[in-house]
Amino acid sequence: MSVTPESVPPPRPHSRPPAHSPSSVRSRARWALAAVATGAFCVQLDSFALNPALPVIRTELDGSRTALPWVVGGYLLTAGSLMPVAGRLADLWGRRRMLALGLALFAAAAALCALAPSLPLLVAARLLQGAGGALIMPAGLALLTNACPPGREQRAIGRALGLAGLATVCGPFVGGALARFVSWRAVFWLTVPLAVAAAACALRTAESRAPNAGKHPLDLTGAVAATGALVCLARWLEHPAAWHRAAAALVLGALFVRAERRSPARWWTRRCSATARMWP
């Protein structure tokens, strides 16, 4: 029996699940959860693990007593003051992109911290690491919220923040043990592969942006004023006698309110509203 070309069935194309199929959505949600949970774990670990290691750092790097608190305080100040701006950048330029960028910056800064030969360079690297941490949290939570199926966002956020809470609890113990038996530099080396792995997970999920974000560009005046007001307020709370910092915080806060009222984007209000919707 001869086989004619018409009788040969055409080859089947390789079937792939549609981009919006339930299996594809669940896969993207799992990758987003892995990225956000690991990134939040790194941020919290480096926030709390260095406190027991500060005396060892001061002895080894021969730093001043006044500069030593900036190893922890500078990181927290940078991360906290830049978070609102980082959230707005994620809405404009893509949450996955900003999360991956924040994780890469966090890992690179952690390596610089581990290699720092002096206390001023360690503080500078910690400020850079705080900027990476500021990108991780708002971009990651927004990405996870949009990647999860409807109705499962709060559970996923709870899991991610629960893992970050473990770093808060065990961070001082891990930092003290590593500083005593290995080196304080091992605290930073520990987070480098974790942040790199989280960035790889983030690249496996889908990109998302805020609806109509391109219609309202970043308000630079409001962003600078809000960040500066938070920095001045934190510095004043550290030294209450320095009233000029409190005055600067008030002036910058007033400038921010003025810029926010005139801006059509009102990015701070939108950011606070979006953050509030993430919580039960």
# chains A, B, ... in the order shown; residues from 1 in each chain; ligands from 1
$ residues_around --residues "Asp46 (chain A)" --least-positions-apart "3" --cutoff "10 Å" --atoms "only C-alpha atoms" --output "list in words"
Phe41, Cys42, Val43, Ala49, Leu50, Asn51, Val72, Tyr75, Leu76, Ala110, Arg126, Gln129, Gly130, Gly133, Ala167, Thr168, Gly171, Pro172, Gly175, Val187, Phe188, Leu190 and Thr191 of chain A
$ select_by_dssp --residues "region 21-210 of chain A" --states "alpha helix (DSSP H)" --output "ChimeraX atom specification"
/A:22-48,54-61,70-93,95-115,119-147,153-181,185-202
$ residues_around --residues "region 193-210 of chain A" --least-positions-apart "5" --cutoff "6 Å" --atoms "only C-alpha atoms" --output "ChimeraX atom specification"
/A:28,31-32,35,38-39,91,94-96,100,103,107
$ closest_atom_pairs --of "region 89-122 of chain A" --to "region 78-82 of chain A" --cutoff "12 Å" --atoms "only C-alpha atoms" --output "tab-separated table"
residue	atom	partner	partner_atom	distance
A:Leu89	CA	A:Leu82	CA	10.6
A:Gly102	CA	A:Ala79	CA	11.0
A:Phe106	CA	A:Ala79	CA	11.0
$ write_last_selection --atoms "N, CA, C and O atoms" --output "PDB file, in the first residue's frame"
ATOM      1  N   LEU A  89       8.143  54.113  41.330  1.00  0.00           N
ATOM      2  CA  LEU A  89       8.960  53.681  40.197  1.00  0.00           C
ATOM      3  C   LEU A  89       8.526  52.302  39.703  1.00  0.00           C
ATOM      4  O   LEU A  89       8.527  52.042  38.497  1.00  0.00           O
ATOM      5  N   GLY A 102      16.236  45.695  42.371  1.00  0.00           N
ATOM      6  CA  GLY A 102      16.491  45.843  43.798  1.00  0.00           C
ATOM      7  C   GLY A 102      17.251  44.661  44.373  1.00  0.00           C
ATOM      8  O   GLY A 102      18.165  44.832  45.188  1.00  0.00           O
ATOM      9  N   PHE A 106      20.890  44.813  45.938  1.00  0.00           N
ATOM     10  CA  PHE A 106      21.058  44.322  47.301  1.00  0.00           C
ATOM     11  C   PHE A 106      22.212  43.322  47.375  1.00  0.00           C
ATOM     12  O   PHE A 106      23.046  43.374  48.285  1.00  0.00           O
TER      13      PHE A 106
END
$ atom_distance --atom1 "CA of Leu144 (chain A)" --atom2 "CA of Pro84 (chain A)"
17.4 Å
$ atom_distance --atom1 "CA of Ala134 (chain A)" --atom2 "CA of Gly228 (chain A)"
15.0 Å
$ atom_distance --atom1 "CA of Ala229 (chain A)" --atom2 "CA of Leu127 (chain A)"
17.4 Å
$ residues_around --residues "Trp184 (chain A)" --least-positions-apart "6" --cutoff "10 Å" --atoms "only C-alpha atoms" --output "list in words"
Ala49, Leu50, Pro52, Ala53, Leu54, Val56, Ile57, Glu60, Ala114, Gly175, Gly176, Ala177 and Leu178 of chain A
$ write_last_selection --atoms "N, CA, C and O atoms" --output "CSV table (one decimal), in the first residue's frame"
chain,number,residue,atom,x,y,z
A,49,ALA,N,20.6,41.2,62.0
A,49,ALA,CA,21.6,40.3,62.3
A,49,ALA,C,22.9,41.0,62.7
A,49,ALA,O,23.8,40.4,63.3
A,50,LEU,N,23.0,42.3,62.4
A,50,LEU,CA,24.3,43.0,62.6
A,50,LEU,C,24.4,43.6,64.0
A,50,LEU,O,25.5,43.9,64.4
A,52,PRO,N,24.4,42.3,67.1
A,52,PRO,CA,25.3,41.6,67.9
A,52,PRO,C,26.8,41.7,67.4
A,52,PRO,O,27.7,41.5,68.2
A,53,ALA,N,26.9,41.9,66.1
A,53,ALA,CA,28.3,41.9,65.5
A,53,ALA,C,28.9,43.3,65.5
A,53,ALA,O,30.1,43.4,65.1
A,54,LEU,N,28.2,44.3,66.0
A,54,LEU,CA,28.8,45.7,66.0
A,54,LEU,C,30.1,45.8,66.8
A,54,LEU,O,31.0,46.5,66.3
A,56,VAL,N,32.4,43.6,67.3
A,56,VAL,CA,33.4,42.9,66.5
A,56,VAL,C,33.8,43.8,65.3
A,56,VAL,O,35.0,43.9,65.0
A,57,ILE,N,32.8,44.4,64.7
A,57,ILE,CA,33.1,45.3,63.5
A,57,ILE,C,34.0,46.4,63.9
A,57,ILE,O,34.9,46.8,63.2
A,60,GLU,N,37.6,45.3,64.6
A,60,GLU,CA,38.3,44.9,63.4
A,60,GLU,C,38.6,46.0,62.5
A,60,GLU,O,39.7,46.1,61.9
A,114,ALA,N,30.8,42.9,52.6
A,114,ALA,CA,31.6,41.9,53.1
A,114,ALA,C,33.1,42.1,52.8
A,114,ALA,O,34.0,41.6,53.5
A,175,GLY,N,23.5,36.4,63.4
A,175,GLY,CA,24.5,37.4,63.3
A,175,GLY,C,25.6,37.2,64.4
A,175,GLY,O,26.8,37.3,64.2
A,176,GLY,N,25.1,37.0,65.7
A,176,GLY,CA,26.0,36.8,66.8
A,176,GLY,C,26.9,35.5,66.6
A,176,GLY,O,28.1,35.5,66.9
A,177,ALA,N,26.2,34.4,66.2
A,177,ALA,CA,27.0,33.2,66.0
A,177,ALA,C,28.0,33.3,64.9
A,177,ALA,O,29.2,32.8,65.0
A,178,LEU,N,27.6,33.9,63.8
A,178,LEU,CA,28.6,34.0,62.7
A,178,LEU,C,29.7,35.0,63.1
A,178,LEU,O,30.9,34.7,62.7
$ residues_around --residues "region 150-164 of chain A" --least-positions-apart "3" --cutoff "12 Å" --atoms "only C-alpha atoms" --output "PDB file with C-alpha atoms, in the first residue's frame"
ATOM      1  CA  PRO A  22      -5.009  28.514  35.530  1.00  0.00           C
ATOM      2  CA  VAL A  25      -1.253  31.784  36.625  1.00  0.00           C
ATOM      3  CA  ARG A  26      -0.413  29.409  39.480  1.00  0.00           C
ATOM      4  CA  ALA A  29       2.268  33.112  41.458  1.00  0.00           C
ATOM      5  CA  ARG A  30       4.626  30.476  42.874  1.00  0.00           C
ATOM      6  CA  TRP A  31       7.671  32.131  41.315  1.00  0.00           C
ATOM      7  CA  ALA A  32       6.538  35.533  42.582  1.00  0.00           C
ATOM      8  CA  LEU A  33       5.995  34.141  46.072  1.00  0.00           C
ATOM      9  CA  ALA A  34       9.462  32.553  46.088  1.00  0.00           C
ATOM     10  CA  ALA A  35      11.076  35.809  44.939  1.00  0.00           C
ATOM     11  CA  VAL A  36       9.247  38.065  47.403  1.00  0.00           C
ATOM     12  CA  ALA A  37       9.603  35.719  50.379  1.00  0.00           C
ATOM     13  CA  THR A  38      13.338  35.224  49.810  1.00  0.00           C
ATOM     14  CA  GLY A  39      13.913  38.917  49.176  1.00  0.00           C
ATOM     15  CA  ALA A  40      11.988  39.953  52.284  1.00  0.00           C
ATOM     16  CA  PHE A  41      13.950  37.381  54.288  1.00  0.00           C
ATOM     17  CA  CYS A  42      17.227  38.951  53.115  1.00  0.00           C
ATOM     18  CA  VAL A  43      16.032  42.476  53.932  1.00  0.00           C
ATOM     19  CA  GLN A  44      14.958  41.542  57.461  1.00  0.00           C
ATOM     20  CA  LEU A  45      18.024  39.390  58.107  1.00  0.00           C
ATOM     21  CA  ASP A  46      20.411  42.211  57.304  1.00  0.00           C
ATOM     22  CA  SER A  47      18.272  44.565  59.399  1.00  0.00           C
ATOM     23  CA  PHE A  48      18.622  42.577  62.621  1.00  0.00           C
ATOM     24  CA  MET A 137       9.553  45.440  49.465  1.00  0.00           C
ATOM     25  CA  PRO A 138       6.982  47.643  47.631  1.00  0.00           C
ATOM     26  CA  GLY A 140       7.684  42.693  45.451  1.00  0.00           C
ATOM     27  CA  LEU A 141       4.403  43.000  47.330  1.00  0.00           C
ATOM     28  CA  ALA A 142       2.717  44.706  44.378  1.00  0.00           C
ATOM     29  CA  LEU A 143       4.049  42.064  41.982  1.00  0.00           C
ATOM     30  CA  LEU A 144       2.843  39.247  44.241  1.00  0.00           C
ATOM     31  CA  THR A 145      -0.603  40.814  44.566  1.00  0.00           C
ATOM     32  CA  ASN A 146      -1.025  40.997  40.803  1.00  0.00           C
ATOM     33  CA  ALA A 147       0.475  37.560  40.125  1.00  0.00           C
ATOM     34  CA  ALA A 167      14.570  36.409  59.807  1.00  0.00           C
ATOM     35  CA  THR A 168      13.531  39.012  62.371  1.00  0.00           C
ATOM     36  CA  VAL A 169      13.463  36.374  65.113  1.00  0.00           C
ATOM     37  CA  CYS A 170      16.578  34.418  64.209  1.00  0.00           C
ATOM     38  CA  GLY A 171      18.586  37.334  62.794  1.00  0.00           C
ATOM     39  CA  THR A 275      -0.660  49.458  50.394  1.00  0.00           C
ATOM     40  CA  ALA A 276      -3.760  49.535  52.568  1.00  0.00           C
ATOM     41  CA  ARG A 277      -5.615  47.217  50.172  1.00  0.00           C
ATOM     42  CA  MET A 278      -2.919  44.566  50.613  1.00  0.00           C
ATOM     43  CA  TRP A 279      -3.815  44.000  54.254  1.00  0.00           C
ATOM     44  CA  PRO A 280      -6.924  42.265  55.611  1.00  0.00           C
TER      45      PRO A 280
END
$ residues_around --residues "Ala226 (chain A)" --least-positions-apart "3" --cutoff "7 Å" --atoms "only C-alpha atoms" --output "ChimeraX atom specification"
/A:222-223,229-230,252-253,256
$ closest_residue --among "A:Val231, A:Ala86, A:Ala179, A:Met98" --to "Arg58 (chain A)" --atoms "only C-alpha atoms"
A:Ala179
